[in-house]
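Reviewing the structure listed below.
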Amino acid sequence: MARRAAYDYVVVGGGFAGLNAVSGLQKFRPAAPAHLDGVSDGSAEEVECAALPDAVAARGEETLYVVVGGGKTGADAVCFLGEHRRRGDDVLLVTGSSKGFFVRDEVFPDQGSQSVFQPMITEVMLDMIAAWDGTDASERDILNDMVARGTLCSLGGSEVANTGLGVLSRAEQAAVEATAEIVANDHYVGVSARGATTEVRLASGGAVVTRKRVVVVNARSSGSDRVHAYNSDVHPLRPEGHLDFGALAGFTGHTNYLFSAVLAKHGSPRVLEGLALYGRRTRARPRENFVFAYLVKVYANITALMPALEMKHYLSSDYSINATRWYPTARRLYGVYRLLQSRDAVAAMADAHLRRLEPGDAQPPPEGA
């Protein structure tokens with residue numbers, strides 16, 4: 001049970017929920033930009049993914065489920081419907097911009113099946129940013145080359161527009177493609193009644209027509225408002241007296257572990273003043289690709305943290321959130337060596353594409369916002 005007590009610093013470790021998840025800290029949350037329009041225009045039932053089991057259980061007539069959002073959440077929703085839909089039900093997946101998924105069988109193989117010669121996910125991502133020139137065109141070329149090599153996959157074989165760093169096994173990919181009609185690289189607009197039929201309208205001008213009841217499933221990213229730890233980068237030392245590590249060194253759990261280990265070793269948050277930390281220049285706009293810049297930030301900040309840590313924090317079996325912990329020690333050591341060898345190149349990319357963070361700073365809004 002939490003109790004009121006004196007403290008030196010409050011560490012804010014929220015992810016997409018961010019400061020909204022911490023009572024009393026909402027006042028430190030940046031003002032949110034306008035949300036995207038809702039996925040339903042009132043002509044069809046709309047459900048969130050969390051309510052999908054109830055919607056399927058309550059189904060009375062043959063139904064077309066329109067899953068809006070082609071990321072991992074949308075894929076999971078389709079897999080659920082593949083197992084639980086009733087006879088006569090159909091599933092339509094409208095992906096928006098087609099996402100590239102890491103193939104779980106390649107980048108997260110089962111424990112004990114990894115080869116010392118198999119690159120780890122951290123090495124794969126390092127190669128991604130090393131090949132990136134800062135443009136969206138370069139990002140698409142890199143991602144689609146990874147699809148061709150089998151490191152990434154796309155749903156329905158569509159050309160990949162971007163990635164949210166989601167992970168799918170080959171079995172999950174096959175289940176999605178067997179269950180749903182996939183509309184890739186197009187966006188849901190709304191539903192319109194046309195006499196005895198219902199029309200699911202798409203941004204391209206196309207439509208899917210059905211005589212069945214329509215249920216729209218909202219599976220769009222929870223990061224759509226762009227005000228969350230993965231897009232709001234500030235120096236951890238905040239002027240209000242708390243620490244905000246955000247997602248400066250990867251996912252929030254990973255980031256909080258590494259920064260907390262630095263503080264535990266050095267005994268004072270002031271050690272953070274001397275580290276060369278980076279973040280995005282501005283928040284990303286809705287639907288703006290930002291993952292490659294995010295990866296540059298992560299690798300630049302990890303290389304800044306490494307001298308302040310002991311190697312045991314990377315190789316310890318207690319570091320259970322480390323994505324490479326199941327790999328052979330020799331491969332993990334080689335991965336750390338590659339990261340150290342790339343430090344200057346990563347720092348140069350950070351200087352070119354990001355901003356250097358300073359204690360108490362604020363992240364500028366997108367240009368023109």
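The chains in the structure tokens are called A, B, ... from first to last as shown; in each chain the residues are counted from 1, and the ligands are counted from 1 in the order shown.
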Within 8 Å of region 279-298 of chain A, which residues of region 79-131 of chain A show up? Give each one with its shortest atom-to-atom distance in Å (one decimal) and the two atoms involved, counting only C-alpha atoms, rows by chain then rising residue number, as JSON lines.
{"residue": "A:Met125", "atom": "CA", "partner": "A:Leu295", "partner_atom": "CA", "distance": 7.4}
{"residue": "A:Met128", "atom": "CA", "partner": "A:Phe292", "partner_atom": "CA", "distance": 7.9}
{"residue": "A:Ile129", "atom": "CA", "partner": "A:Phe292", "partner_atom": "CA", "distance": 6.4}
Worksheet item: Contacts of region 99-110 of chain A at 6 Å or less, counting only C-alpha atoms, minus same-chain residues fewer than 5 places along, as an MDAnalysis selection string?
Response: chainID A and resid 121 151:154 160 162:163 166:169
Discussion item. So, with only C-alpha atoms as the atoms that count, which of A:Thr122, A:Arg325, A:Glu367, A:Glu172 lies closest to Ile302 (chain A)?
Written reply: A:Thr122
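Considering the residues A:Ala178, A:Val208, A:Val234, A:Ala300 and counting only C-alpha atoms, Ala362 (chain A) has its shortest atom-to-atom contact with A:Val234.
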Practice prompt. Return as a PyMOL selection string the full set of residues in region 178-261 of chain A whose backbone-based DSSP assignment is strand (DSSP E or B).
Written response: chain A and resi 181-183+186+188-194+197-202+207-210+213-218+237+243-244
For region 209-220 of chain A: contacts at 6 Å, only C-alpha atoms, fewer than 2 positions along chain excluded, given as a JSON list (two decimals) with all heavy atoms, in the first residue's frame:
[["chain", "number", "residue", "atom", "x", "y", "z"],
["A", 44, "ALA", "N", -22.77, 2.55, -37.58],
["A", 44, "ALA", "CA", -22.48, 1.16, -37.21],
["A", 44, "ALA", "C", -22.07, 1.11, -35.76],
["A", 44, "ALA", "O", -21.63, 2.11, -35.19],
["A", 44, "ALA", "CB", -21.37, 0.60, -38.10],
["A", 45, "GLU", "N", -22.23, -0.06, -35.17],
["A", 45, "GLU", "CA", -21.76, -0.26, -33.81],
["A", 45, "GLU", "C", -20.23, -0.18, -33.78],
["A", 45, "GLU", "O", -19.56, -0.70, -34.67],
["A", 45, "GLU", "CB", -22.22, -1.63, -33.29],
["A", 45, "GLU", "CG", -21.75, -1.94, -31.87],
["A", 45, "GLU", "CD", -22.15, -3.33, -31.43],
["A", 45, "GLU", "OE1", -22.91, -4.00, -32.17],
["A", 45, "GLU", "OE2", -21.70, -3.75, -30.35],
["A", 46, "GLU", "N", -19.69, 0.48, -32.79],
["A", 46, "GLU", "CA", -18.25, 0.58, -32.64],
["A", 46, "GLU", "C", -17.85, -0.01, -31.30],
["A", 46, "GLU", "O", -18.48, 0.25, -30.28],
["A", 46, "GLU", "CB", -17.79, 2.04, -32.70],
["A", 46, "GLU", "CG", -16.29, 2.20, -32.45],
["A", 46, "GLU", "CD", -15.85, 3.65, -32.37],
["A", 46, "GLU", "OE1", -16.62, 4.53, -32.79],
["A", 46, "GLU", "OE2", -14.74, 3.90, -31.86],
["A", 47, "VAL", "N", -16.77, -0.81, -31.30],
["A", 47, "VAL", "CA", -16.28, -1.38, -30.05],
["A", 47, "VAL", "C", -14.77, -1.19, -29.98],
["A", 47, "VAL", "O", -14.08, -1.17, -31.01],
["A", 47, "VAL", "CB", -16.62, -2.88, -29.92],
["A", 47, "VAL", "CG1", -18.12, -3.10, -29.91],
["A", 47, "VAL", "CG2", -15.96, -3.70, -31.02],
["A", 48, "GLU", "N", -14.27, -1.04, -28.76],
["A", 48, "GLU", "CA", -12.85, -1.08, -28.52],
["A", 48, "GLU", "C", -12.42, -2.55, -28.43],
["A", 48, "GLU", "O", -13.23, -3.45, -28.17],
["A", 48, "GLU", "CB", -12.50, -0.35, -27.23],
["A", 48, "GLU", "CG", -12.90, 1.12, -27.22],
["A", 48, "GLU", "CD", -12.14, 1.93, -28.25],
["A", 48, "GLU", "OE1", -10.94, 1.66, -28.46],
["A", 48, "GLU", "OE2", -12.75, 2.85, -28.85],
["A", 62, "GLU", "N", -25.70, -12.47, -38.67],
["A", 62, "GLU", "CA", -24.42, -12.55, -39.36],
["A", 62, "GLU", "C", -23.78, -11.15, -39.41],
["A", 62, "GLU", "O", -24.44, -10.16, -39.70],
["A", 62, "GLU", "CB", -24.59, -13.11, -40.77],
["A", 62, "GLU", "CG", -24.97, -14.57, -40.78],
["A", 62, "GLU", "CD", -24.98, -15.15, -42.18],
["A", 62, "GLU", "OE1", -24.90, -14.37, -43.15],
["A", 62, "GLU", "OE2", -25.07, -16.39, -42.31],
["A", 63, "THR", "N", -22.47, -11.11, -39.12],
["A", 63, "THR", "CA", -21.80, -9.84, -38.88],
["A", 63, "THR", "C", -20.54, -9.72, -39.71],
["A", 63, "THR", "O", -19.80, -10.70, -39.89],
["A", 63, "THR", "CB", -21.43, -9.72, -37.37],
["A", 63, "THR", "OG1", -22.63, -9.78, -36.60],
["A", 63, "THR", "CG2", -20.71, -8.42, -37.09],
["A", 64, "LEU", "N", -20.29, -8.51, -40.21],
["A", 64, "LEU", "CA", -19.00, -8.15, -40.79],
["A", 64, "LEU", "C", -18.26, -7.32, -39.75],
["A", 64, "LEU", "O", -18.71, -6.23, -39.38],
["A", 64, "LEU", "CB", -19.18, -7.34, -42.08],
["A", 64, "LEU", "CG", -17.88, -6.70, -42.62],
["A", 64, "LEU", "CD1", -16.88, -7.79, -43.06],
["A", 64, "LEU", "CD2", -18.19, -5.76, -43.79],
["A", 65, "TYR", "N", -17.14, -7.83, -39.25],
["A", 65, "TYR", "CA", -16.30, -7.09, -38.32],
["A", 65, "TYR", "C", -15.27, -6.32, -39.12],
["A", 65, "TYR", "O", -14.47, -6.91, -39.86],
["A", 65, "TYR", "CB", -15.60, -8.03, -37.34],
["A", 65, "TYR", "CG", -16.55, -8.75, -36.40],
["A", 65, "TYR", "CD1", -17.01, -10.04, -36.71],
["A", 65, "TYR", "CD2", -16.98, -8.16, -35.23],
["A", 65, "TYR", "CE1", -17.88, -10.70, -35.86],
["A", 65, "TYR", "CE2", -17.86, -8.81, -34.37],
["A", 65, "TYR", "CZ", -18.30, -10.09, -34.69],
["A", 65, "TYR", "OH", -19.16, -10.73, -33.84],
["A", 66, "VAL", "N", -15.28, -4.98, -38.99],
["A", 66, "VAL", "CA", -14.33, -4.13, -39.69],
["A", 66, "VAL", "C", -13.28, -3.70, -38.67],
["A", 66, "VAL", "O", -13.53, -2.84, -37.82],
["A", 66, "VAL", "CB", -15.02, -2.90, -40.31],
["A", 66, "VAL", "CG1", -14.00, -2.04, -41.05],
["A", 66, "VAL", "CG2", -16.15, -3.34, -41.23],
["A", 67, "VAL", "N", -12.11, -4.30, -38.75],
["A", 67, "VAL", "CA", -11.02, -3.98, -37.82],
["A", 67, "VAL", "C", -10.23, -2.83, -38.41],
["A", 67, "VAL", "O", -9.64, -2.95, -39.50],
["A", 67, "VAL", "CB", -10.12, -5.21, -37.58],
["A", 67, "VAL", "CG1", -8.98, -4.84, -36.62],
["A", 67, "VAL", "CG2", -10.94, -6.37, -37.02],
["A", 68, "VAL", "N", -10.21, -1.70, -37.72],
["A", 68, "VAL", "CA", -9.55, -0.49, -38.21],
["A", 68, "VAL", "C", -8.22, -0.34, -37.50],
["A", 68, "VAL", "O", -8.16, -0.05, -36.31],
["A", 68, "VAL", "CB", -10.43, 0.75, -37.97],
["A", 68, "VAL", "CG1", -9.74, 2.01, -38.49],
["A", 68, "VAL", "CG2", -11.79, 0.57, -38.64],
["A", 69, "GLY", "N", -7.14, -0.55, -38.23],
["A", 69, "GLY", "CA", -5.80, -0.45, -37.66],
["A", 69, "GLY", "C", -5.02, -1.71, -37.92],
["A", 69, "GLY", "O", -5.41, -2.80, -37.48],
["A", 73, "THR", "N", -2.11, -4.56, -32.50],
["A", 73, "THR", "CA", -3.43, -4.65, -31.88],
["A", 73, "THR", "C", -4.46, -5.15, -32.89],
["A", 73, "THR", "O", -5.29, -6.02, -32.58],
["A", 73, "THR", "CB", -3.86, -3.28, -31.33],
["A", 73, "THR", "OG1", -2.87, -2.83, -30.40],
["A", 73, "THR", "CG2", -5.20, -3.38, -30.62],
["A", 74, "GLY", "N", -4.41, -4.62, -34.11],
["A", 74, "GLY", "CA", -5.34, -5.08, -35.14],
["A", 74, "GLY", "C", -5.12, -6.53, -35.50],
["A", 74, "GLY", "O", -6.08, -7.29, -35.69],
["A", 197, "THR", "N", -28.37, -2.81, -48.04],
["A", 197, "THR", "CA", -26.94, -3.06, -47.90],
["A", 197, "THR", "C", -26.28, -1.97, -47.06],
["A", 197, "THR", "O", -26.85, -0.90, -46.84],
["A", 197, "THR", "CB", -26.24, -3.13, -49.27],
["A", 197, "THR", "OG1", -26.34, -1.83, -49.90],
["A", 197, "THR", "CG2", -26.89, -4.18, -50.15],
["A", 198, "THR", "N", -25.08, -2.28, -46.61],
["A", 198, "THR", "CA", -24.26, -1.31, -45.87],
["A", 198, "THR", "C", -22.93, -1.17, -46.59],
["A", 198, "THR", "O", -22.32, -2.17, -47.01],
["A", 198, "THR", "CB", -24.03, -1.77, -44.42],
["A", 198, "THR", "OG1", -25.29, -1.94, -43.78],
["A", 198, "THR", "CG2", -23.20, -0.76, -43.66],
["A", 199, "GLU", "N", -22.47, 0.06, -46.70],
["A", 199, "GLU", "CA", -21.24, 0.35, -47.44],
["A", 199, "GLU", "C", -20.16, 0.83, -46.47],
["A", 199, "GLU", "O", -20.36, 1.79, -45.71],
["A", 199, "GLU", "CB", -21.53, 1.43, -48.48],
["A", 199, "GLU", "CG", -20.37, 1.78, -49.39],
["A", 199, "GLU", "CD", -20.78, 2.84, -50.41],
["A", 199, "GLU", "OE1", -20.75, 4.04, -50.04],
["A", 199, "GLU", "OE2", -21.15, 2.47, -51.54]]
Discussion item. I need the residue nearest Met349 (chain A) from this list: A:Ala323, A:Ser138, A:Asp133, A:Pro366. Use only C-alpha atoms for the distance.
Written reply: A:Asp133
Worksheet entry | Non-local contacts of region 255-269 of chain A (7 Å; only C-alpha atoms; under 6 positions in same chain excluded) as a list in words | Gly13, Phe245, Ala247, Leu248, Ala249, Ala308 and Leu309 of chain A
Go ahead and save the residues from that selection, with N, CA, C and O atoms, as a PDB file, in the first residue's frame.
ATOM      1  N   GLY A  13       7.465   6.922 -14.926  1.00  0.00           N
ATOM      2  CA  GLY A  13       7.833   5.851 -15.840  1.00  0.00           C
ATOM      3  C   GLY A  13       6.703   5.385 -16.719  1.00  0.00           C
ATOM      4  O   GLY A  13       6.691   4.241 -17.160  1.00  0.00           O
ATOM      5  N   PHE A 245      12.231   9.760 -17.158  1.00  0.00           N
ATOM      6  CA  PHE A 245      13.128   9.062 -18.069  1.00  0.00           C
ATOM      7  C   PHE A 245      12.465   8.765 -19.416  1.00  0.00           C
ATOM      8  O   PHE A 245      13.162   8.492 -20.394  1.00  0.00           O
ATOM      9  N   ALA A 247      11.126   7.377 -22.648  1.00  0.00           N
ATOM     10  CA  ALA A 247      11.577   6.225 -23.433  1.00  0.00           C
ATOM     11  C   ALA A 247      12.907   6.570 -24.089  1.00  0.00           C
ATOM     12  O   ALA A 247      13.158   6.245 -25.245  1.00  0.00           O
ATOM     13  N   LEU A 248      13.779   7.215 -23.331  1.00  0.00           N
ATOM     14  CA  LEU A 248      15.039   7.705 -23.893  1.00  0.00           C
ATOM     15  C   LEU A 248      15.992   6.576 -24.270  1.00  0.00           C
ATOM     16  O   LEU A 248      16.871   6.760 -25.114  1.00  0.00           O
ATOM     17  N   ALA A 249      15.855   5.402 -23.655  1.00  0.00           N
ATOM     18  CA  ALA A 249      16.779   4.303 -23.935  1.00  0.00           C
ATOM     19  C   ALA A 249      16.033   3.047 -24.383  1.00  0.00           C
ATOM     20  O   ALA A 249      16.502   1.933 -24.177  1.00  0.00           O
ATOM     21  N   ALA A 308      28.714   4.864 -17.789  1.00  0.00           N
ATOM     22  CA  ALA A 308      28.287   5.117 -16.410  1.00  0.00           C
ATOM     23  C   ALA A 308      27.776   3.862 -15.722  1.00  0.00           C
ATOM     24  O   ALA A 308      27.409   3.905 -14.556  1.00  0.00           O
ATOM     25  N   LEU A 309      27.735   2.743 -16.450  1.00  0.00           N
ATOM     26  CA  LEU A 309      27.238   1.479 -15.912  1.00  0.00           C
ATOM     27  C   LEU A 309      28.336   0.417 -15.921  1.00  0.00           C
ATOM     28  O   LEU A 309      29.367   0.575 -16.576  1.00  0.00           O
TER      29      LEU A 309
END
Discussion item. DSSP on the backbone: which residues in region 25-262 of chain A end up as alpha helix (DSSP H)? Give the answer as number ranges by chain.
Written reply: A: 52-57, 72-84, 104-107, 121-130, 136-149, 170-179, 252-262
Could you save those same residues with C-alpha atoms as a PDB file, in the first residue's frame?
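Final output, again_15.pdb:
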ATOM      1  CA  LEU A  52     -14.575  -7.415 -28.527  1.00  0.00           C
ATOM      2  CA  PRO A  53     -15.307 -10.670 -26.612  1.00  0.00           C
ATOM      3  CA  ASP A  54     -18.611  -9.218 -25.375  1.00  0.00           C
ATOM      4  CA  ALA A  55     -19.486  -8.009 -28.880  1.00  0.00           C
ATOM      5  CA  VAL A  56     -18.886 -11.476 -30.339  1.00  0.00           C
ATOM      6  CA  ALA A  57     -20.847 -13.171 -27.556  1.00  0.00           C
ATOM      7  CA  LYS A  72      -0.142  -5.505 -33.611  1.00  0.00           C
ATOM      8  CA  THR A  73      -3.432  -4.652 -31.885  1.00  0.00           C
ATOM      9  CA  GLY A  74      -5.336  -5.079 -35.145  1.00  0.00           C
ATOM     10  CA  ALA A  75      -3.563  -8.345 -35.893  1.00  0.00           C
ATOM     11  CA  ASP A  76      -4.416  -9.667 -32.418  1.00  0.00           C
ATOM     12  CA  ALA A  77      -8.061  -8.632 -32.886  1.00  0.00           C
ATOM     13  CA  VAL A  78      -8.234 -10.529 -36.176  1.00  0.00           C
ATOM     14  CA  CYS A  79      -6.639 -13.613 -34.589  1.00  0.00           C
ATOM     15  CA  PHE A  80      -9.236 -13.468 -31.809  1.00  0.00           C
ATOM     16  CA  LEU A  81     -12.053 -13.236 -34.341  1.00  0.00           C
ATOM     17  CA  GLY A  82     -10.568 -16.131 -36.283  1.00  0.00           C
ATOM     18  CA  GLU A  83     -10.985 -18.317 -33.202  1.00  0.00           C
ATOM     19  CA  HIS A  84     -14.291 -16.974 -31.840  1.00  0.00           C
ATOM     20  CA  ARG A 104       9.251 -13.465 -34.177  1.00  0.00           C
ATOM     21  CA  ASP A 105      10.801 -16.725 -35.404  1.00  0.00           C
ATOM     22  CA  GLU A 106      13.835 -14.769 -36.647  1.00  0.00           C
ATOM     23  CA  VAL A 107      14.421 -12.026 -34.059  1.00  0.00           C
ATOM     24  CA  ILE A 121      17.288  -7.865 -32.570  1.00  0.00           C
ATOM     25  CA  THR A 122      19.554  -5.111 -31.211  1.00  0.00           C
ATOM     26  CA  GLU A 123      21.997  -5.714 -34.058  1.00  0.00           C
ATOM     27  CA  VAL A 124      19.190  -5.756 -36.631  1.00  0.00           C
ATOM     28  CA  MET A 125      17.973  -2.355 -35.420  1.00  0.00           C
ATOM     29  CA  LEU A 126      21.524  -0.992 -35.427  1.00  0.00           C
ATOM     30  CA  ASP A 127      21.834  -2.017 -39.084  1.00  0.00           C
ATOM     31  CA  MET A 128      18.506  -0.306 -39.820  1.00  0.00           C
ATOM     32  CA  ILE A 129      19.647   3.106 -38.603  1.00  0.00           C
ATOM     33  CA  ALA A 130      23.114   2.703 -40.147  1.00  0.00           C
ATOM     34  CA  ASP A 136      10.867   8.566 -45.460  1.00  0.00           C
ATOM     35  CA  ALA A 137      11.886   7.107 -48.841  1.00  0.00           C
ATOM     36  CA  SER A 138      15.017   5.591 -47.300  1.00  0.00           C
ATOM     37  CA  GLU A 139      12.932   4.181 -44.432  1.00  0.00           C
ATOM     38  CA  ARG A 140      10.523   2.471 -46.845  1.00  0.00           C
ATOM     39  CA  ASP A 141      13.388   1.026 -48.909  1.00  0.00           C
ATOM     40  CA  ILE A 142      15.081  -0.399 -45.803  1.00  0.00           C
ATOM     41  CA  LEU A 143      11.863  -1.914 -44.468  1.00  0.00           C
ATOM     42  CA  ASN A 144      10.832  -3.520 -47.750  1.00  0.00           C
ATOM     43  CA  ASP A 145      14.350  -4.928 -48.208  1.00  0.00           C
ATOM     44  CA  MET A 146      13.984  -6.484 -44.737  1.00  0.00           C
ATOM     45  CA  VAL A 147      10.676  -8.007 -45.843  1.00  0.00           C
ATOM     46  CA  ALA A 148      12.400  -9.500 -48.889  1.00  0.00           C
ATOM     47  CA  ARG A 149      15.104 -10.988 -46.633  1.00  0.00           C
ATOM     48  CA  ARG A 170       4.759 -16.728 -39.006  1.00  0.00           C
ATOM     49  CA  ALA A 171       1.834 -18.626 -37.486  1.00  0.00           C
ATOM     50  CA  GLU A 172       0.160 -15.361 -36.415  1.00  0.00           C
ATOM     51  CA  GLN A 173       0.693 -13.866 -39.870  1.00  0.00           C
ATOM     52  CA  ALA A 174      -0.877 -16.930 -41.478  1.00  0.00           C
ATOM     53  CA  ALA A 175      -3.845 -16.787 -39.080  1.00  0.00           C
ATOM     54  CA  VAL A 176      -4.531 -13.121 -39.896  1.00  0.00           C
ATOM     55  CA  GLU A 177      -4.317 -13.707 -43.627  1.00  0.00           C
ATOM     56  CA  ALA A 178      -6.582 -16.763 -43.415  1.00  0.00           C
ATOM     57  CA  THR A 179      -9.209 -14.939 -41.353  1.00  0.00           C
ATOM     58  CA  THR A 252       9.848   2.486 -20.771  1.00  0.00           C
ATOM     59  CA  GLY A 253      10.674  -0.557 -18.635  1.00  0.00           C
ATOM     60  CA  HIS A 254      14.110  -0.887 -20.234  1.00  0.00           C
ATOM     61  CA  THR A 255      14.728   2.862 -19.926  1.00  0.00           C
ATOM     62  CA  ASN A 256      13.733   3.024 -16.272  1.00  0.00           C
ATOM     63  CA  TYR A 257      15.938   0.034 -15.445  1.00  0.00           C
ATOM     64  CA  LEU A 258      19.054   1.502 -17.073  1.00  0.00           C
ATOM     65  CA  PHE A 259      18.650   5.026 -15.729  1.00  0.00           C
ATOM     66  CA  SER A 260      17.804   3.734 -12.254  1.00  0.00           C
ATOM     67  CA  ALA A 261      20.923   1.544 -12.351  1.00  0.00           C
ATOM     68  CA  VAL A 262      22.995   4.632 -13.171  1.00  0.00           C
TER      69      VAL A 262
END
Fill in: Residues near Val200 (chain A), cut-off 8 Å, only C-alpha atoms, skip fewer than 3 positions along chain, as a list of chain:residue names
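My reading of the contact set: A:Tyr188, A:Val189, A:Gly190, A:Val191, A:Ser192, A:Ala207, A:Val208, A:Val209.
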Worksheet item: So which one's closest to Gly164 (chain A), A:Arg87, A:Arg194, A:His242, A:Gly71? Using only C-alpha atoms, please.
Response: A:Gly71
Discussion item. Report, in Å with one decimal, the straight-line distance from CA of Tyr278 (chain A) to CA of Glu240 (chain A).
Written reply: 20.4 Å
Worksheet item: What separation in Å, quoted to one decimal, exists between CA of Leu92 (chain A) and CA of Glu181 (chain A)?
Response: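 Taking CA of Leu92 (chain A) and CA of Glu181 (chain A), their separation equals 4.9 Å.
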Fill in: Interatomic distance (Å, one decimal) between CA of Asn301 (chain A) and CA of Arg331 (chain A)
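A separation of 21.8 Å between them.
Among the candidates A:Ser342, A:His235, A:Tyr299, A:Thr95, the residue lying nearest to Arg270 (chain A) is A:His235 (atoms considered: only C-alpha atoms).
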